Number of protein chains: 2
Amino acid sequence: MAKETVTSTAVAKRAGVSQSAVSRVFTPGASVSKKTAEKVRKAAAELGYRPNRLARSLIKGQSRIIGLVVAYLENQFYPTVLEKLSQSLQKRGYHVLIFVTNIVQDDFDKILEEIMDYQIDGLIAASLPVSADVVQRYKVEGVPVVMFFNRFEADDTLCGVTADNFKGGRKVANFLAAGGHQRIAYLAGHEAAATQIDREAGFLAGLAEHQLTLYSRGVGGFDFQKAQEATRHMFDVETPPDALFAANDHMAFAAMDTIRFELGLRIPEDVSVVGYDDVPVASWPSYDLTTIHQPMEHIVDLTVEVLLGIIEDQKEPAGHISLDGPLVVRRSARIPDAFASSQDS
Amino acid sequence: MAKETVTSTAVAKRAGVSQSAVSRVFTPGASVSKKTAEKVRKAAAELGYRPNRLARSLIKGQSRIIGLVVAYLENQFYPTVLEKLSQSLQKRGYHVLIFVTNIVQDDFDKILEEIMDYQIDGLIAASLPVSADVVQRYKVEGVPVVMFFNRFEADDTLCGVTADNFKGGRKVANFLAAGGHQRIAYLAGHEAAATQIDREAGFLAGLAEHQLTLYSRGVGGFDFQKAQEATRHMFDVETPPDALFAANDHMAFAAMDTIRFELGLRIPEDVSVVGYDDVPVASWPSYDLTTIHQPMEHIVDLTVEVLLGIIEDQKEPAGHISLDGPLVVRRSARIPDAFASSQDS
DNA sequence: CTGAAAGCGCTAACAA
DNA sequence: TTGTTAGCGCTTTCAG
């Protein structure tokens, strides 16, 4: 019940050594004799002593806390990322202070300030539709920032790891073109979002390479309901699209449900649907969605590595790294012969 | 670039006041003259000063950090919970240090120690299949612990908020019985899990009230694939079940996919399926799952309230609170006349 | 290798 | 209302 803090001084007294001796025992590379260490360890164990990280942080000027700012947590994609990230960081002795934010700008600024107050050692920002300079400001304040699943402006001073959304979009275009589709539609995400912009750009570029243009375009804003509405709208025409590329899986599911259950069309016979992300649900039989796989584990690993590289080894930020992800061919879209055995494109 | 820490002393110097004056300006209920406050604010702004929370925490003995330990992050249910929780806490000036753990016991102990090192003000543990006494130990050390989505042993000293899983299970039994089902199967989760045990107990109790017994039982361990296998197994008999209650939605989806696409049975004509949780996907047209709704927001709110009550007002732990959740009637299960308009049971 | 002493940046009595 | 003075629990010189 009583929250009596066991301090290093208490341990020192009990072990019959100085307080600094205790400190040394709990400091990895310090020089202590075996005998002292033993005495101290014993006393510490008896008292249930554990060093106070806050006090240590205050001195060392580093907290071993990494701030994580995420928006869009409802996205099916994040849980796994969070898990990986947190575990990966834990393994290296860091912990994650999490901040969930809406997309509202001023919120974001306030949150960022709050984070900084914890003297975090680094910041990871995911999927923030934020102008680079907001983050920039904090980077200048001395806190390394790595972004991921994000978009990077021409600004080369920020570093980040991301999937190559442009390439991914183009892959989808190739795939759909190879499938002989004639009326290809695109279901866009949140217009300002990094991923949205790049995926669409890549997709359009890919179509152009095949002398194709977009048949129609709807905006789903990465939202299930909005995606459904947009789909209805795009298909409510004399000759509906024969293929649809959704900017992420979440919207692809929405579209598929609408196409099948409201419009009564068959997938992939009448319409091919392709998504982006390869979230777990994509492989569920009900959807069996053809989609671009995000090399998530790889992205997370790299993000951690880059960030800790900056923090611990003063390494220069690596700039933008973008990782390629394969097209996972399932059965929601017509399969061209060339892709018959699910290979990458 | 240079990470020069702006301290309160620097601000004091610039404002021409004492360092403690600066401190007071940034301490909510302190007495400072308007004039001083202004001077200090100005100087602080110019220097870009923000108080160092770590230093403050060291003195006050409280960090305004809440530890959150979660297992099973892959469950579709958590993202939303995390978001709500984090935002709710942020609003009250606390932040969340997150720890993701596997179900391995010794891992858990280590993690808990690490958390404590941050001098967290409170701990929220979600869905941990952990013996009460591990957490107990920490509670004794003076850190309030609230668990949620969890199970509570007879041990009444721990407090927690949870959905009333027993009642929920019984509701499902009533519903299925009212639907005239004769061969009712149950798809169990992780055998040791809190939710699993209570839901099944309630379900069986409910069946008994209607002179029914379980037709068959499979174990899916809250895992998609395992749930599919268990379903296959349960239905691979001469006369398969005509109703299936899955211990959570995730497994219900797995079961539905197997029932429809592998077994070629119709839902709900041939088999009724009911889940538990009411995750977002449950309302998607492909599944349209009848399920017990978890009053998640309510649970989260209450959890925060209880925890902060203990921390800030020294309130006595409230013991176990369990919240009732309604049955959401959709179309994955035959609808008895009595339930025709989707009401609670 | 070890103890003494000086802080890290801040809050909280205590006088003034 | 203010400045002065102790620390919070720990790390880190600096002598010894």
# chains A, B, ... in the order shown; residues from 1 in each chain; ligands from 1

call {"tool": "interface_residues", "arguments": {"of": "chain A", "to": "chain C", "cutoff": "9 Å", "atoms": "only C-alpha atoms (C1' of nucleotides)", "output": "list of chain:residue names"}}
result
A:Val17, A:Ser18, A:Gln19, A:Ser20, A:Ala21, A:Ser31, A:Val32, A:Ser33, A:Ala55, A:Arg56, A:Ser57, A:Leu58, A:Ile59, A:Lys60, A:Gly61

call {"tool": "write_last_selection", "arguments": {"atoms": "C-alpha atoms", "output": "mmCIF file, in the first residue's frame"}}
result
data_model
loop_
_atom_site.group_PDB
_atom_site.id
_atom_site.type_symbol
_atom_site.label_atom_id
_atom_site.label_comp_id
_atom_site.auth_asym_id
_atom_site.auth_seq_id
_atom_site.Cartn_x
_atom_site.Cartn_y
_atom_site.Cartn_z
ATOM 1 C CA VAL A 17 28.730 1.260 0.283
ATOM 2 C CA SER A 18 28.376 4.709 -1.156
ATOM 3 C CA GLN A 19 25.404 5.755 -3.189
ATOM 4 C CA SER A 20 27.522 6.215 -6.269
ATOM 5 C CA ALA A 21 28.676 2.650 -5.965
ATOM 6 C CA SER A 31 33.925 -0.283 -13.098
ATOM 7 C CA VAL A 32 32.909 -2.019 -9.931
ATOM 8 C CA SER A 33 34.560 -4.862 -8.138
ATOM 9 C CA ALA A 55 16.038 10.661 -12.716
ATOM 10 C CA ARG A 56 18.466 9.047 -15.063
ATOM 11 C CA SER A 57 16.860 10.700 -18.034
ATOM 12 C CA LEU A 58 17.034 14.065 -16.415
ATOM 13 C CA ILE A 59 20.766 13.794 -16.165
ATOM 14 C CA LYS A 60 21.563 12.086 -19.391
ATOM 15 C CA GLY A 61 19.233 14.251 -21.359
#

call {"tool": "interface_residues", "arguments": {"of": "chain B", "to": "chain A", "cutoff": "9 Å", "atoms": "only C-alpha atoms", "output": "NGL selection string"}}
result
:B and (1-4 or 50-55 or 57-58 or 63 or 65 or 73-76 or 78-80 or 82-84 or 86-87 or 90 or 95-101 or 111 or 113 or 115-119 or 139-143 or 224 or 253-254 or 256-258 or 260-261 or 284-287)

call {"tool": "select_by_dssp", "arguments": {"residues": "segment 102-274 of chain B", "states": "helix (DSSP H, G or I)", "output": "count of residues only"}}
result
78

call {"tool": "atom_distance", "arguments": {"atom1": "atom CA of Ala177 of chain B", "atom2": "atom CA of Ala201 of chain B"}}
result
15.9 Å

call {"tool": "interface_residues", "arguments": {"of": "chain D", "to": "chain A", "cutoff": "7 Å", "atoms": "only C-alpha atoms (C1' of nucleotides)", "output": "list in words"}}
result
DG9, DC10 and DT11 of chain D

call {"tool": "closest_residue", "arguments": {"among": "A:Tyr276, A:Phe339, A:Phe166, A:Phe245", "to": "Gly202 of chain A", "atoms": "only C-alpha atoms"}}
result
A:Phe166

call {"tool": "closest_residue", "arguments": {"among": "B:Met251, B:Leu265, B:Ile292, B:Val306", "to": "Gly325 of chain B", "atoms": "only C-alpha atoms"}}
result
B:Ile292

call {"tool": "atom_distance", "arguments": {"atom1": "atom CA of Arg92 of chain B", "atom2": "atom CA of Pro326 of chain B"}}
result
29.5 Å

call {"tool": "residues_around", "arguments": {"residues": "Gln294 of chain A", "least_positions_apart": "4", "cutoff": "9 Å", "atoms": "only C-alpha atoms (C1' of nucleotides)", "output": "list in words"}}
result
Ala163, Asp164, Tyr276, Asp277, Asp278, Val279, His298, Ile299, Leu323, Asp324, Gly325 and Pro326 of chain A

call {"tool": "write_last_selection", "arguments": {"atoms": "N, CA and C atoms", "output": "compact mmCIF listing (two decimals), in the first residue's frame"}}
result
# COMPACT_ATOMS: atom_id res chain seq x y z
N ALA A 163 6.51 2.70 -48.42
CA ALA A 163 6.38 1.80 -49.55
C ALA A 163 6.42 2.66 -50.80
N ASP A 164 6.84 2.08 -51.86
CA ASP A 164 6.89 2.85 -53.09
C ASP A 164 5.51 2.87 -53.72
N TYR A 276 -5.05 -2.04 -52.15
CA TYR A 276 -3.67 -1.67 -51.84
C TYR A 276 -3.46 -1.79 -50.34
N ASP A 277 -2.50 -2.54 -49.94
CA ASP A 277 -2.07 -2.70 -48.54
C ASP A 277 -1.84 -4.17 -48.18
N ASP A 278 -2.75 -5.00 -48.65
CA ASP A 278 -2.73 -6.40 -48.24
C ASP A 278 -2.88 -6.55 -46.73
N VAL A 279 -3.92 -5.97 -46.22
CA VAL A 279 -4.25 -6.17 -44.81
C VAL A 279 -4.73 -7.60 -44.62
N HIS A 298 9.27 -4.98 -43.00
CA HIS A 298 10.49 -4.39 -43.52
C HIS A 298 10.50 -2.89 -43.26
N ILE A 299 9.38 -2.27 -43.51
CA ILE A 299 9.28 -0.83 -43.29
C ILE A 299 9.52 -0.50 -41.83
N LEU A 323 10.31 1.32 -50.30
CA LEU A 323 10.39 -0.13 -50.44
C LEU A 323 9.33 -0.63 -51.42
N ASP A 324 9.76 -1.54 -52.20
CA ASP A 324 8.87 -2.08 -53.20
C ASP A 324 8.02 -3.20 -52.59
N GLY A 325 6.78 -3.25 -53.01
CA GLY A 325 5.93 -4.33 -52.53
C GLY A 325 5.31 -5.06 -53.70
N PRO A 326 5.20 -6.35 -53.62
CA PRO A 326 4.70 -7.13 -54.74
C PRO A 326 3.18 -7.07 -54.88

call {"tool": "atom_distance", "arguments": {"atom1": "atom CA of Gln228 of chain B", "atom2": "atom CA of Ala255 of chain B"}}
result
5.5 Å
